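Visitor: What follows is target_27.csv, CSV, C-alpha atoms and all ligand atoms.
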```
chain,number,residue,atom,x,y,z
A,925,MET,CA,-13.3,120.5,112.7
A,926,ALA,CA,-10.5,119.3,115.0
A,927,VAL,CA,-8.3,122.0,116.3
A,928,VAL,CA,-4.7,121.7,115.1
A,929,ASP,CA,-2.0,123.2,117.3
A,930,PRO,CA,0.0,125.9,115.5
A,931,VAL,CA,3.4,125.2,114.2
A,932,ILE,CA,6.0,127.5,115.9
A,933,GLU,CA,9.4,127.9,114.3
A,934,VAL,CA,12.0,129.4,116.6
A,935,HIS,CA,14.7,131.3,114.9
A,936,LEU,CA,16.1,132.8,118.0
A,937,PRO,CA,17.5,130.2,120.3
A,938,ALA,CA,18.3,132.1,123.5
A,939,ALA,CA,22.1,132.0,123.1
A,940,GLU,CA,22.4,133.3,119.6
A,941,TRP,CA,19.7,135.9,120.3
A,942,ARG,CA,21.6,137.2,123.3
A,943,ALA,CA,25.0,137.3,121.6
A,944,ALA,CA,23.9,139.2,118.5
A,945,LEU,CA,21.7,141.7,120.3
A,946,ALA,CA,24.1,142.2,123.2
A,947,ASP,CA,26.8,143.1,120.8
A,948,ALA,CA,24.7,145.7,119.1
A,949,ALA,CA,23.5,147.0,122.4
A,950,ARG,CA,27.0,147.5,123.7
A,951,ARG,CA,27.9,149.5,120.7
A,952,SER,CA,24.8,151.7,120.9
A,953,LEU,CA,25.4,152.3,124.6
A,954,ALA,CA,29.0,153.3,123.9
A,955,ALA,CA,27.9,155.8,121.3
A,956,ARG,CA,27.5,159.5,122.0
A,957,PRO,CA,24.6,160.1,122.6
A,958,PRO,CA,23.9,156.6,123.8
A,959,TRP,CA,20.8,154.9,122.4
A,960,LEU,CA,18.9,151.6,122.3
A,961,GLU,CA,17.2,149.5,119.7
A,962,PRO,CA,13.4,149.0,119.8
A,963,VAL,CA,13.8,145.3,120.3
A,964,TRP,CA,14.7,145.8,123.9
A,965,PHE,CA,11.2,146.9,124.9
A,966,TYR,CA,9.4,143.7,124.3
A,967,ASP,CA,10.0,141.1,127.0
A,968,GLU,CA,6.8,139.7,128.5
A,969,ARG,CA,6.2,142.7,130.7
A,970,GLY,CA,7.0,145.1,127.9
A,971,SER,CA,4.4,143.4,125.7
A,972,GLU,CA,1.9,143.7,128.5
A,973,LEU,CA,2.7,147.4,129.0
A,974,PHE,CA,2.4,147.9,125.2
A,975,ASP,CA,-1.0,146.3,125.3
A,976,ARG,CA,-2.0,148.7,128.0
A,977,ILE,CA,-0.7,151.6,125.9
A,978,THR,CA,-2.9,150.6,123.0
A,979,GLY,CA,-6.0,151.0,125.2
A,980,LEU,CA,-5.1,154.5,126.5
A,981,ALA,CA,-7.4,157.3,125.5
A,982,GLU,CA,-4.3,159.4,124.5
A,983,TYR,CA,-2.9,156.7,122.3
A,984,TYR,CA,-5.0,157.1,119.2
A,985,PRO,CA,-3.0,155.0,116.6
A,986,THR,CA,-4.4,151.6,117.6
A,987,ARG,CA,-8.0,152.8,117.8
A,988,VAL,CA,-7.8,154.6,114.5
A,989,GLU,CA,-6.0,151.8,112.7
A,990,ARG,CA,-8.6,149.3,113.9
A,991,ALA,CA,-11.4,151.6,112.6
A,992,LEU,CA,-9.6,151.7,109.2
A,993,LEU,CA,-9.4,147.9,109.2
A,994,VAL,CA,-13.1,147.6,110.0
A,995,ALA,CA,-13.9,149.9,107.2
A,996,HIS,CA,-11.6,148.5,104.5
A,997,ALA,CA,-10.8,144.9,105.4
A,998,GLU,CA,-13.1,143.6,102.6
A,999,GLU,CA,-11.5,145.7,99.9
A,1000,ILE,CA,-8.1,144.5,101.1
A,1001,ALA,CA,-9.3,140.9,101.2
A,1002,ALA,CA,-10.4,141.3,97.6
A,1003,ILE,CA,-6.8,141.0,96.4
A,1004,GLY,CA,-7.2,137.2,97.0
A,1005,ALA,CA,-4.2,136.2,99.1
A,1006,ASP,CA,-3.9,132.7,100.3
A,1007,THR,CA,-1.3,133.6,103.0
A,1008,LEU,CA,-1.3,136.4,105.5
A,1009,ILE,CA,2.1,137.2,107.0
A,1010,GLU,CA,2.3,139.6,109.9
A,1011,LEU,CA,5.5,141.2,111.0
A,1012,GLY,CA,5.8,142.3,114.6
A,1013,SER,CA,2.4,140.7,115.2
A,1014,GLY,CA,2.3,141.0,119.0
A,1015,THR,CA,-1.1,139.9,120.3
A,1016,SER,CA,-2.5,139.8,116.7
A,1017,ASP,CA,-5.5,141.6,118.0
A,1018,LYS,CA,-6.4,143.8,115.1
A,1019,THR,CA,-5.4,141.0,112.7
A,1020,THR,CA,-8.6,139.1,113.2
A,1021,LEU,CA,-10.4,141.8,111.2
A,1022,LEU,CA,-8.2,140.9,108.2
A,1023,ILE,CA,-8.5,137.2,108.8
A,1024,ASP,CA,-12.3,137.3,109.0
A,1025,ALA,CA,-12.5,139.3,105.7
A,1026,MET,CA,-10.0,137.1,103.9
A,1027,LEU,CA,-11.8,133.9,105.1
A,1028,GLY,CA,-15.0,135.5,103.9
A,1029,ALA,CA,-13.4,136.1,100.5
A,1030,GLY,CA,-12.7,132.4,100.5
A,1031,THR,CA,-8.9,132.6,99.7
A,1032,LEU,CA,-7.1,132.5,103.0
A,1033,ARG,CA,-5.4,129.3,104.0
A,1034,ARG,CA,-2.5,130.3,106.2
A,1035,TYR,CA,-1.5,132.9,108.8
A,1036,VAL,CA,2.2,133.5,109.5
A,1037,PRO,CA,2.8,135.8,112.5
A,1038,LEU,CA,6.5,136.8,113.1
A,1039,ASP,CA,7.6,138.4,116.4
A,1040,VAL,CA,10.7,138.5,118.6
A,1041,SER,CA,8.6,138.1,121.7
A,1042,GLU,CA,8.2,134.3,122.1
A,1043,GLU,CA,5.6,134.2,124.9
A,1044,THR,CA,3.4,136.7,123.1
A,1045,LEU,CA,3.7,135.0,119.8
A,1046,ARG,CA,2.9,131.5,121.3
A,1047,ALA,CA,-0.2,132.9,123.1
A,1048,ALA,CA,-1.5,134.7,120.0
A,1049,ALA,CA,-0.8,131.8,117.6
A,1050,GLY,CA,-2.5,129.3,120.0
A,1051,ALA,CA,-5.6,131.5,120.4
A,1052,LEU,CA,-5.9,132.0,116.7
A,1053,ALA,CA,-5.5,128.3,115.9
A,1054,HIS,CA,-8.4,127.6,118.3
A,1055,ARG,CA,-10.5,130.4,116.9
A,1056,TYR,CA,-10.0,129.4,113.3
A,1057,PRO,CA,-9.9,125.6,113.2
A,1058,GLY,CA,-9.5,125.5,109.4
A,1059,LEU,CA,-6.6,128.0,109.2
A,1060,ASP,CA,-3.0,126.8,109.1
A,1061,VAL,CA,-1.3,129.0,111.8
A,1062,HIS,CA,2.5,129.0,111.3
A,1063,GLY,CA,4.2,131.2,113.9
A,1064,VAL,CA,7.8,132.4,113.5
A,1065,VAL,CA,9.8,133.6,116.6
A,1066,GLY,CA,12.3,135.8,114.9
A,1067,ASP,CA,13.7,139.2,114.0
A,1068,PHE,CA,12.2,140.9,111.0
A,1069,HIS,CA,15.6,142.3,110.1
A,1070,ARG,CA,17.1,138.8,109.8
A,1071,HIS,CA,14.4,136.2,109.4
A,1072,LEU,CA,12.2,137.4,106.6
A,1073,ALA,CA,13.0,134.3,104.5
A,1074,ALA,CA,11.2,132.2,107.0
A,1075,THR,CA,7.9,133.8,105.8
A,1076,ARG,CA,8.4,132.4,102.3
A,1077,LEU,CA,5.2,130.3,102.5
A,1078,GLY,CA,2.2,130.3,100.2
A,1079,ASP,CA,1.7,131.4,96.6
A,1080,ARG,CA,0.0,134.7,97.0
A,1081,ARG,CA,1.0,136.6,100.0
A,1082,LEU,CA,-0.2,139.7,101.9
A,1083,VAL,CA,2.4,141.0,104.3
A,1084,ALA,CA,0.8,143.1,107.1
A,1085,PHE,CA,3.1,145.5,109.0
A,1086,LEU,CA,0.8,147.4,111.3
A,1087,GLY,CA,0.9,149.7,114.2
A,1088,SER,CA,3.3,152.1,112.5
A,1089,THR,CA,6.1,149.8,113.8
A,1090,ILE,CA,8.0,150.8,110.7
A,1091,GLY,CA,8.3,154.2,112.2
A,1092,ASN,CA,10.3,152.8,115.1
A,1093,LEU,CA,13.2,151.9,112.7
A,1094,PRO,CA,15.8,154.5,112.2
A,1095,PRO,CA,15.8,155.7,108.6
A,1096,VAL,CA,18.7,153.7,107.4
A,1097,ALA,CA,17.3,150.5,108.9
A,1098,ARG,CA,13.9,151.3,107.5
A,1099,ARG,CA,15.3,151.6,104.0
A,1100,ARG,CA,17.2,148.4,104.3
A,1101,PHE,CA,14.2,146.6,105.7
A,1102,LEU,CA,12.0,147.6,102.8
A,1103,PHE,CA,14.6,146.5,100.3
A,1104,ASP,CA,15.0,143.1,102.1
A,1105,LEU,CA,11.2,142.7,102.2
A,1106,ASP,CA,10.9,143.4,98.5
A,1107,SER,CA,13.6,140.8,97.8
A,1108,VAL,CA,11.6,138.0,99.6
A,1109,LEU,CA,8.4,138.8,97.9
A,1110,ASP,CA,7.2,137.6,94.4
A,1111,HIS,CA,5.3,139.4,91.7
A,1112,GLY,CA,1.7,139.9,92.8
A,1113,ASP,CA,2.5,139.7,96.6
A,1114,ARG,CA,1.1,142.7,98.6
A,1115,LEU,CA,2.3,144.8,101.5
A,1116,LEU,CA,-0.2,146.4,103.9
A,1117,LEU,CA,1.6,149.1,105.9
A,1118,GLY,CA,0.1,151.0,108.9
A,1119,ILE,CA,1.6,154.4,109.2
A,1120,ASP,CA,1.0,157.2,111.7
A,1121,LEU,CA,0.7,160.6,110.0
A,1122,VAL,CA,2.4,163.9,110.8
A,1123,LYS,CA,0.0,166.1,112.9
A,1124,ASP,CA,0.0,168.7,115.5
A,1125,PRO,CA,2.9,168.2,118.0
A,1126,ALA,CA,0.8,168.5,121.1
A,1127,SER,CA,-1.4,165.5,120.4
A,1128,LEU,CA,1.7,163.5,119.3
A,1129,VAL,CA,3.6,164.3,122.5
A,1130,THR,CA,0.6,163.3,124.7
A,1131,ALA,CA,0.2,160.0,122.8
A,1132,TYR,CA,3.8,159.2,123.9
A,1133,ASP,CA,3.7,160.7,127.4
A,1134,ASP,CA,0.3,159.8,129.0
A,1135,PRO,CA,-0.5,161.3,132.4
A,1136,GLY,CA,-1.0,157.9,133.9
A,1137,GLY,CA,2.6,157.1,133.3
A,1138,VAL,CA,2.1,153.8,131.4
A,1139,THR,CA,4.4,154.9,128.5
A,1140,ALA,CA,7.0,156.0,131.1
A,1141,GLU,CA,6.9,152.5,132.6
A,1142,PHE,CA,7.1,150.9,129.2
A,1143,ASN,CA,10.2,153.0,128.4
A,1144,ARG,CA,11.9,152.3,131.7
A,1145,ASN,CA,11.2,148.6,131.3
A,1146,ALA,CA,13.8,148.5,128.5
A,1147,LEU,CA,16.4,149.1,131.2
A,1148,ARG,CA,15.2,146.1,133.2
A,1149,VAL,CA,15.4,144.0,130.0
A,1150,LEU,CA,19.0,145.2,129.5
A,1151,ASN,CA,19.9,144.4,133.1
A,1152,ARG,CA,18.6,140.9,132.8
A,1153,SER,CA,20.0,140.2,129.3
A,1154,LEU,CA,23.2,142.1,129.3
A,1155,GLY,CA,24.1,142.3,133.0
A,1156,THR,CA,24.0,146.0,133.2
A,1157,ASP,CA,23.1,147.7,136.5
A,1158,PHE,CA,20.7,150.4,135.4
A,1159,ASP,CA,18.4,151.8,138.2
A,1160,PRO,CA,15.2,152.4,136.3
A,1161,ASP,CA,14.0,154.8,139.0
A,1162,ALA,CA,17.1,157.0,138.3
A,1163,PHE,CA,15.6,158.0,134.9
A,1164,GLU,CA,12.7,160.2,133.9
A,1165,HIS,CA,10.7,159.4,130.7
A,1166,VAL,CA,10.8,162.2,128.1
A,1167,ALA,CA,8.9,162.4,124.7
A,1168,ILE,CA,10.1,165.1,122.3
A,1169,TRP,CA,8.8,166.1,118.9
A,1170,ASP,CA,11.7,166.6,116.5
A,1171,ALA,CA,10.2,168.8,113.8
A,1172,ARG,CA,13.1,168.5,111.5
A,1173,GLN,CA,13.2,164.7,111.4
A,1174,ARG,CA,9.5,164.4,111.9
A,1175,TRP,CA,9.6,161.9,114.6
A,1176,ILE,CA,8.8,161.6,118.3
A,1177,GLU,CA,11.9,160.7,120.2
A,1178,MET,CA,11.6,158.8,123.5
A,1179,ARG,CA,14.4,159.3,125.9
A,1180,LEU,CA,15.3,158.3,129.5
A,1181,ARG,CA,16.8,161.3,131.2
A,1182,ALA,CA,19.3,160.7,134.1
A,1183,ARG,CA,17.9,162.3,137.3
A,1184,TRP,CA,21.4,162.5,138.8
A,1185,ASP,CA,25.0,161.8,137.8
A,1186,GLN,CA,25.5,158.0,137.5
A,1187,GLU,CA,27.7,155.3,136.2
A,1188,VAL,CA,26.3,152.1,134.8
A,1189,ILE,CA,28.3,149.0,134.4
A,1190,VAL,CA,28.0,147.5,130.9
A,1191,PRO,CA,29.7,144.1,130.8
A,1192,GLY,CA,31.9,143.8,127.8
A,1193,LEU,CA,32.7,147.6,127.7
A,1194,GLU,CA,35.9,148.7,129.1
A,1195,ALA,CA,34.5,151.9,130.7
A,1196,PRO,CA,31.2,152.2,132.5
A,1197,LEU,CA,28.5,154.3,130.8
A,1198,ARG,CA,28.7,157.7,132.5
A,1199,LEU,CA,25.7,159.9,132.5
A,1200,ARG,CA,25.4,163.4,134.0
A,1201,ALA,CA,22.2,164.6,135.6
A,1202,GLY,CA,19.9,165.8,132.7
A,1203,GLU,CA,21.7,163.6,130.1
A,1204,ASP,CA,19.6,161.4,127.9
A,1205,LEU,CA,19.6,157.9,126.8
A,1206,ARG,CA,17.7,157.7,123.5
A,1207,THR,CA,15.4,154.8,123.6
A,1208,GLU,CA,13.0,154.9,120.6
A,1209,ILE,CA,11.9,157.0,117.7
A,1210,SER,CA,8.5,156.9,116.3
A,1211,ALA,CA,8.6,158.5,112.8
A,1212,LYS,CA,5.5,160.2,111.4
A,1213,PHE,CA,4.7,160.0,107.7
A,1214,THR,CA,2.8,161.4,104.9
A,1215,VAL,CA,1.2,159.1,102.3
A,1216,GLU,CA,3.3,160.9,99.6
A,1217,GLY,CA,6.5,160.4,101.5
A,1218,VAL,CA,5.9,156.7,102.1
A,1219,THR,CA,4.8,156.2,98.5
A,1220,ALA,CA,8.2,157.6,97.4
A,1221,GLU,CA,10.1,155.4,99.9
A,1222,LEU,CA,8.2,152.3,98.8
A,1223,TRP,CA,8.8,153.1,95.2
A,1224,GLU,CA,12.6,153.3,95.7
A,1225,ALA,CA,12.5,149.9,97.4
A,1226,GLY,CA,10.5,148.2,94.6
A,1227,PHE,CA,6.8,148.7,95.6
A,1228,VAL,CA,4.0,150.5,93.9
A,1229,VAL,CA,1.2,151.9,96.2
A,1230,GLU,CA,-2.1,150.8,94.7
A,1231,ARG,CA,-4.5,152.0,97.5
A,1232,SER,CA,-4.2,154.2,100.5
A,1233,PHE,CA,-6.9,154.5,103.2
A,1234,VAL,CA,-6.6,157.6,105.3
A,1235,SER,CA,-8.7,158.0,108.5
A,1236,GLU,CA,-11.2,160.8,108.6
A,1237,GLY,CA,-9.2,163.0,110.9
A,1238,GLU,CA,-6.1,162.2,108.8
A,1239,GLU,CA,-4.4,160.7,111.9
A,1240,PHE,CA,-3.4,157.4,110.5
A,1241,ALA,CA,-3.3,155.5,107.1
A,1242,LEU,CA,-3.1,152.0,105.7
A,1243,VAL,CA,-1.2,151.8,102.5
A,1244,LEU,CA,-1.5,148.8,100.2
A,1245,ALA,CA,1.3,148.2,97.8
A,1246,HIS,CA,2.5,145.5,95.4
A,1247,THR,CA,6.0,144.7,94.1
A,1248,TYR,CA,6.7,145.9,90.6
A,1249,CYS,CA,8.8,143.1,89.2
B,1301,LIG,N1,1.4,144.8,115.4
B,1301,LIG,C1,0.9,145.0,116.8
B,1301,LIG,C2,2.1,145.2,117.8
B,1301,LIG,C3,3.0,146.4,117.6
B,1301,LIG,S1,4.2,146.6,118.9
B,1301,LIG,C4,0.1,146.3,116.8
B,1301,LIG,O1,-0.1,146.9,115.8
B,1301,LIG,O2,-0.5,146.6,117.9
B,1301,LIG,C5,5.6,146.1,118.0
B,1301,LIG,C6,5.8,144.5,117.9
B,1301,LIG,O3,6.9,144.3,117.1
B,1301,LIG,C7,6.0,143.9,119.2
B,1301,LIG,O4,5.2,142.8,119.4
B,1301,LIG,C8,7.5,143.5,119.2
B,1301,LIG,O5,7.8,142.3,120.0
B,1301,LIG,C9,7.8,143.3,117.7
B,1301,LIG,N2,9.1,143.6,117.3
B,1301,LIG,C10,9.9,144.6,117.7
B,1301,LIG,N3,11.1,144.5,117.1
B,1301,LIG,C11,11.1,143.4,116.3
B,1301,LIG,C12,12.0,142.8,115.4
B,1301,LIG,N4,13.2,143.3,115.2
B,1301,LIG,N5,11.6,141.6,114.8
B,1301,LIG,C13,10.4,141.1,115.1
B,1301,LIG,N6,9.5,141.6,115.9
B,1301,LIG,C14,9.8,142.8,116.5
B,1302,LIG,N1,4.9,151.5,116.9
B,1302,LIG,C1,4.4,152.1,118.1
B,1302,LIG,C2,4.5,153.7,117.9
B,1302,LIG,O1,5.5,154.1,117.4
B,1302,LIG,C3,5.2,151.7,119.3
B,1302,LIG,C4,5.0,152.5,120.5
B,1302,LIG,C5,3.8,153.0,121.0
B,1302,LIG,C6,5.9,153.0,121.5
B,1302,LIG,N2,4.0,153.7,122.2
B,1302,LIG,C7,5.3,153.7,122.5
B,1302,LIG,C8,7.3,152.9,121.5
B,1302,LIG,C9,6.0,154.2,123.5
B,1302,LIG,C10,7.9,153.5,122.6
B,1302,LIG,C11,7.3,154.1,123.6
B,1302,LIG,O2,3.5,154.3,118.2
```
When written as structure tokens, how does the structure in this file appear?
Ligand code: SAH
Ligand code: TRP

Guide:
Amino acid sequence: MAVVDPVIEVHLPAAEWRAALADAARRSLAARPPWLEPVWFYDERGSELFDRITGLAEYYPTRVERALLVAHAEEIAAIGADTLIELGSGTSDKTTLLIDAMLGAGTLRRYVPLDVSEETLRAAAGALAHRYPGLDVHGVVGDFHRHLAATRLGDRRLVAFLGSTIGNLPPVARRRFLFDLDSVLDHGDRLLLGIDLVKDPASLVTAYDDPGGVTAEFNRNALRVLNRSLGTDFDPDAFEHVAIWDARQRWIEMRLRARWDQEVIVPGLEAPLRLRAGEDLRTEISAKFTVEGVTAELWEAGFVVERSFVSEGEEFALVLAHTYC
């Protein structure tokens, strides 16, 4: 069969992308304590560093989620979807397990990866179009907070949101996201959610603070992305990577701790960002879940959990849900 190039829809022309995100970033940098949105991690280098994280011995989520997909892809494929949509698809690495099973079930026609990182999405979509000549690959460069409507393709959809990326959204954004997702889905569509589970703090902290410093580099890279996109003058070497388990919120919080007093110019803000030695810039949370907790959150947003697959050591789970109206 002739290979057809994937269609790539770009919803984030550079100018609009920069303006909207820059605005939000200025506000979050002016807040006390200052913080950043997850989206700032994933330029080309950030995506590469994330890819390295997924291969680290300390970072169990990717390995365990892959094993869950190997074990259960056929059961998931049995729902009979014709369109697989993937949010925050990245390299689409684990996704081939789902695609293989869904092609095997004879129902899959289309794969729709959506990601903010254009280079990564183009490379992944191109590779999959070649690997699966009969599959219609329709990539969307976009923001899953704003461009969910672009995934309205196909009649029976399975939306995969893997890697516990949902845990990187602050609770209010997470709730809004689930409601928005529910509103673009039709009766019978499914959601497959990968969630990292609450476990002993020591292994959680090591997963986000590897001794080789890859995660530290990934964290500091967000400052380089800001410098380039926003015109700030952060010195990444002036910050130390910190990963803390917040037992009350049940999340890992990644921070960048100022090694010395500093002032950072933030174009568009009247005053520079002043950080004292030891003060933190909060860069990312990674919330940890229980299947019961997620089931309740999903229910509130309009989803019923029909299956959940928990790894043997109870590290990670895949939750399959459908909409209830
Ligand atoms: N699904 C892959 C990658 C997870 S990393 C896995 O499980 O390994 C998170 C991915 O989400 C990155 O590729 C990043 O570019 C993307 N992402 C982060 N924020 C996003 C947003 N607001 N909209 C769309 N994609 C986003
Ligand atoms: N969704 C991934 C997680 O929460 C993203 C991630 C992995 C991450 N390692 C990280 C985010 C390190 C920030 C820093 O596990």

Visitor: Kindly provide, as a PyMOL selection string, all nucleotide and amino acid residues lying within 8 Å of ligand LIG 1301 (chain B), counting only C-alpha atoms and all ligand atoms.

Guide: chain A and resi 962-967+971+974-975+978+986+1010-1018+1038-1041+1044-1045+1065-1070+1085-1089

Visitor: When you look at stretch 1020-1023 of chain A with a cut-off of 10 Å (counting only C-alpha atoms), what residues show up, excluding the ones that are within fewer than 2 positions of it in the same chain? I need them as an MDAnalysis selection string.

Guide: chainID A and resid 990:991 993:998 1000:1001 1007:1008 1016:1018 1025:1029 1032:1035 1052 1055:1056 1059 1084

Visitor: Around ligand LIG 1302 (chain B), which protein and nucleic acid residues have at least one atom no more than 8 Å from it, if we count only C-alpha atoms and all ligand atoms? List them as a list of chain:residue names.

Guide: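 Taking only C-alpha atoms and all ligand atoms into account, the residues around ligand LIG 1302 (chain B) at most 8 Å away are A:Pro962, A:Phe965, A:Phe974, A:Ile977, A:Thr978, A:Tyr983, A:Pro985, A:Gly1087, A:Ser1088, A:Thr1089, A:Ile1090, A:Gly1091, A:Asn1092, A:Asp1120, A:Ala1131, A:Tyr1132, A:Asp1133, A:Thr1139, A:Ala1140, A:Phe1142, A:Asn1143, A:Met1178, A:Thr1207, A:Glu1208, A:Ile1209, A:Ser1210, A:Ala1211.
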
Visitor: Suppose you want the space between atom CA of A:Thr1019 and atom CA of A:Glu1042; what is it in Å?

Guide: 17.8 Å

Visitor: Could you check how far atom CA of A:Val1122 sits from atom CA of A:Lys1212, in Å to one decimal?

Guide: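 Distance between the two atoms: 4.9 Å.
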
Visitor: What is the atom CA of A:Trp959-atom CA of A:Leu1197 distance in Å, reported with one decimal?

Guide: 11.4 Å

Visitor: Is there a way to complete stretch 985-1007 of chain A with N, CA and C atoms and then write that out as an mmCIF file, in the coordinates of the input?

Guide:
```cif
data_model
loop_
_atom_site.group_PDB
_atom_site.id
_atom_site.type_symbol
_atom_site.label_atom_id
_atom_site.label_comp_id
_atom_site.auth_asym_id
_atom_site.auth_seq_id
_atom_site.Cartn_x
_atom_site.Cartn_y
_atom_site.Cartn_z
ATOM 1 N N PRO A 985 -3.329 155.773 117.823
ATOM 2 C CA PRO A 985 -3.000 155.000 116.600
ATOM 3 C C PRO A 985 -3.755 153.612 116.563
ATOM 4 N N THR A 986 -3.793 152.889 117.676
ATOM 5 C CA THR A 986 -4.400 151.600 117.600
ATOM 6 C C THR A 986 -5.902 151.664 117.312
ATOM 7 N N ARG A 987 -6.546 152.605 117.981
ATOM 8 C CA ARG A 987 -8.000 152.800 117.800
ATOM 9 C C ARG A 987 -8.300 153.183 116.335
ATOM 10 N N VAL A 988 -7.537 154.119 115.815
ATOM 11 C CA VAL A 988 -7.800 154.600 114.500
ATOM 12 C C VAL A 988 -7.457 153.556 113.419
ATOM 13 N N GLU A 989 -6.366 152.841 113.644
ATOM 14 C CA GLU A 989 -6.000 151.800 112.700
ATOM 15 C C GLU A 989 -7.063 150.690 112.677
ATOM 16 N N ARG A 990 -7.566 150.355 113.867
ATOM 17 C CA ARG A 990 -8.600 149.300 113.900
ATOM 18 C C ARG A 990 -9.843 149.784 113.125
ATOM 19 N N ALA A 991 -10.218 151.052 113.290
ATOM 20 C CA ALA A 991 -11.400 151.600 112.600
ATOM 21 C C ALA A 991 -11.149 151.505 111.049
ATOM 22 N N LEU A 992 -9.909 151.771 110.634
ATOM 23 C CA LEU A 992 -9.600 151.700 109.200
ATOM 24 C C LEU A 992 -9.723 150.237 108.716
ATOM 25 N N LEU A 993 -9.300 149.309 109.555
ATOM 26 C CA LEU A 993 -9.400 147.900 109.200
ATOM 27 C C LEU A 993 -10.871 147.464 109.103
ATOM 28 N N VAL A 994 -11.667 147.918 110.067
ATOM 29 C CA VAL A 994 -13.100 147.600 110.000
ATOM 30 C C VAL A 994 -13.695 148.098 108.722
ATOM 31 N N ALA A 995 -13.339 149.332 108.356
ATOM 32 C CA ALA A 995 -13.900 149.900 107.200
ATOM 33 C C ALA A 995 -13.443 149.321 105.867
ATOM 34 N N HIS A 996 -12.185 148.861 105.834
ATOM 35 C CA HIS A 996 -11.600 148.500 104.500
ATOM 36 C C HIS A 996 -11.120 147.066 104.394
ATOM 37 N N ALA A 997 -11.328 146.241 105.434
ATOM 38 C CA ALA A 997 -10.800 144.900 105.400
ATOM 39 C C ALA A 997 -11.328 144.117 104.143
ATOM 40 N N GLU A 998 -12.578 144.360 103.787
ATOM 41 C CA GLU A 998 -13.100 143.600 102.600
ATOM 42 C C GLU A 998 -12.431 143.991 101.335
ATOM 43 N N GLU A 999 -12.195 145.297 101.159
ATOM 44 C CA GLU A 999 -11.500 145.700 99.900
ATOM 45 C C GLU A 999 -10.073 145.138 99.904
ATOM 46 N N ILE A 1000 -9.447 145.096 101.084
ATOM 47 C CA ILE A 1000 -8.100 144.500 101.100
ATOM 48 C C ILE A 1000 -8.130 143.044 100.842
ATOM 49 N N ALA A 1001 -9.136 142.381 101.395
ATOM 50 C CA ALA A 1001 -9.300 140.900 101.200
ATOM 51 C C ALA A 1001 -9.506 140.577 99.735
ATOM 52 N N ALA A 1002 -10.058 141.524 98.986
ATOM 53 C CA ALA A 1002 -10.400 141.300 97.600
ATOM 54 C C ALA A 1002 -9.173 140.979 96.716
ATOM 55 N N ILE A 1003 -7.963 141.277 97.230
ATOM 56 C CA ILE A 1003 -6.800 141.000 96.400
ATOM 57 C C ILE A 1003 -6.567 139.460 96.303
ATOM 58 N N GLY A 1004 -7.205 138.691 97.192
ATOM 59 C CA GLY A 1004 -7.200 137.200 97.000
ATOM 60 C C GLY A 1004 -5.972 136.500 97.464
ATOM 61 N N ALA A 1005 -5.356 136.933 98.580
ATOM 62 C CA ALA A 1005 -4.200 136.200 99.100
ATOM 63 C C ALA A 1005 -4.509 134.932 99.762
ATOM 64 N N ASP A 1006 -3.631 133.937 99.629
ATOM 65 C CA ASP A 1006 -3.900 132.700 100.300
ATOM 66 C C ASP A 1006 -3.075 132.628 101.659
ATOM 67 N N THR A 1007 -2.101 133.540 101.812
ATOM 68 C CA THR A 1007 -1.300 133.600 103.000
ATOM 69 C C THR A 1007 -1.157 134.977 103.555
#
```
